[in-house]
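Q: Mind having a look at this structure? Questions to follow.
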Amino acid sequence: MKIVIKIGTTTLTHNSGNLNIKRTEELCKVVSDLKNSGHEMILVSSGAIAMGTGKLSLNERPSDMATKQAAAAVGQCELMYTYDKLFSEYNHTVAQLLITAADIRDEERKSNFSTTMERLLELGVIPIINENDTIATEEIVIGDNDTLAAVVATGAHADLLILLSDIDGLYTADPNVDPTARLIESVKGIDENILALGGGSASHFGTGGMKTKLHAAQICGRAGCDMVIANGSSPDILYRIVGGEQVGTRFFAKKD
């Protein structure tokens with residue numbers, strides 16, 4: 001199975017923006033094990049700006065574009081150094097692919113990106129993809145890494161996209177304010193009622209929210225790729241998701 005895993009900023013870092021070492025080590029171990037079992041693994045990783053913010057000892061996520069890009073430049077180095085070091089411990093090679101919105105909009109560039117990614121998978125490499133935040137100025141945005149992950153998943157003809165975040169899945173209401181809110185375990189079609197459940201980002205370091213995740217599910221659904229939203233606080237959850245257990249919220253794609 002070809003699996004794309006999107007790792008949110010809040011999964012990788014502490015509230016300070018500094019790396020959550022224990023969780024990141026566990027994540028790399030589980031992804032390595034899943035790859036060893038025969039799955040093709042692709043990571044879409046957030047965290048560059050947050051890690052740069054922590055490394056530069058800034059008190060909060062930058063609001064101006066120049067400082068965002070500076071933080072991303074520092075943080076992306078730290079992020080890839082960490083991934084390379086941790087995956088190397090399990091004899092896996094990683095590759096960095098940084099893309100912008102223009103790389104997705106232009107058909108030739110999008111095709112080149114997909115071709116490179118496919119060749120990396122053939123060579124046994126784990127591609128790690130992020131938006132090129134050091135030069136992107138359109139919100140440092142393809143929209144966000146949820147959308148980016150969906151675009152990557154569909155371009156790679158993945159079977160499953162897993163969005164790891166700080167939330168358990170899609171709820172009938174905001175569980176932080178409504179004690180009657182319940183987790184929606186499966187969604188077989190995204191209609192206006194489902195879209196109405198989208199909200200904002202819960203973290204001051206992250207950029208995505210439920211709205212962007214629902215948009216990602218729409219992109220995947222049209223391409224025949226299932227998607228799961230799950231809490232990334234314990235990376236072992238990936239075993240359960242890949243094993244077919246009901247975890248978080250699963251969005252079922254329309255199959256031909």
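Residues in the structure tokens are named by chain (A, B, ... in the order shown) and by number from 1 within that chain; ligands are numbered from 1 in the order shown.
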Find the residues around segment 39-55 of chain A up to 6 Å (only C-alpha atoms counted), leave out those fewer than 6 positions away in its own chain, and share them as a short mmCIF file (atom, residue, chain, number, x, y, z; two decimals) with C-alpha atoms, in the first residue's frame.

A:
```
data_model
loop_
_atom_site.label_atom_id
_atom_site.label_comp_id
_atom_site.auth_asym_id
_atom_site.auth_seq_id
_atom_site.Cartn_x
_atom_site.Cartn_y
_atom_site.Cartn_z
CA MET A 1 0.00 0.00 0.00
CA LYS A 2 1.19 3.50 -0.80
CA ILE A 3 0.63 5.77 2.20
CA VAL A 4 1.07 9.52 2.59
CA ILE A 5 1.35 10.77 6.17
CA LYS A 6 0.95 14.46 6.91
CA ILE A 7 2.54 15.46 10.20
CA GLY A 8 1.20 18.63 11.73
CA THR A 9 3.27 21.19 13.57
CA GLY A 17 8.02 25.55 19.02
CA ASN A 18 10.95 23.34 20.04
CA ALA A 71 12.38 31.15 10.51
CA ALA A 72 11.47 28.64 7.80
CA VAL A 74 16.49 27.97 9.84
CA GLY A 75 13.80 25.48 10.80
CA GLN A 76 13.84 23.46 7.58
CA ILE A 126 11.24 8.06 1.92
CA PRO A 127 10.32 11.42 0.31
CA ILE A 128 9.74 14.20 2.83
CA ILE A 129 7.79 17.07 1.36
CA ASN A 130 7.09 20.56 2.59
CA ALA A 149 -0.73 16.44 1.43
CA PHE A 205 2.06 27.65 15.68
#
```

Q: DSSP on the backbone: what in segment 4-219 of chain A comes out strand (DSSP E), as number ranges by chain?

A: A: 4-7, 40-45, 94-99, 126-131, 160-165, 186-187

Q: Please extract the residues of segment 65-239 of chain A with a backbone DSSP assignment of alpha helix (DSSP H) and present them as an NGL selection string.

A: :A and (65-88 or 101-105 or 107-122 or 145-155 or 192-195 or 210-223 or 237-239)

Q: Find, counting only C-alpha atoms, the residue in A:Pro179, A:Gly189, A:Gly155, A:Gly38 that gets nearest to Gln218 of chain A.

A: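 Result for the nearest residue to Gln218 of chain A: A:Gly189.
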
Q: Have a look at atom CA of Arg109 of chain A and atom CA of Ala223 of chain A and let me know their distance in Å, one decimal.

A: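 Computing it gives 19.7 Å between the two atoms.
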
Q: Env of Pro235 of chain A: 7 Å cut, atoms = only C-alpha atoms, seq-sep filter 6 positions within chain, self excluded. Answer as a ChimeraX atom specification.

A: /A:26-27,30

Q: Would you put the residues from that selection into a file with N, CA and C atoms, as a CSV table (one decimal), in the first residue's frame?

A:
```csv
chain,number,residue,atom,x,y,z
A,26,GLU,N,9.7,8.4,18.0
A,26,GLU,CA,8.7,7.3,17.9
A,26,GLU,C,8.0,7.3,16.5
A,27,LEU,N,7.8,8.5,15.9
A,27,LEU,CA,7.2,8.6,14.6
A,27,LEU,C,8.1,8.0,13.6
A,30,VAL,N,8.1,4.1,13.8
A,30,VAL,CA,6.9,3.5,13.3
A,30,VAL,C,6.9,3.5,11.8
```
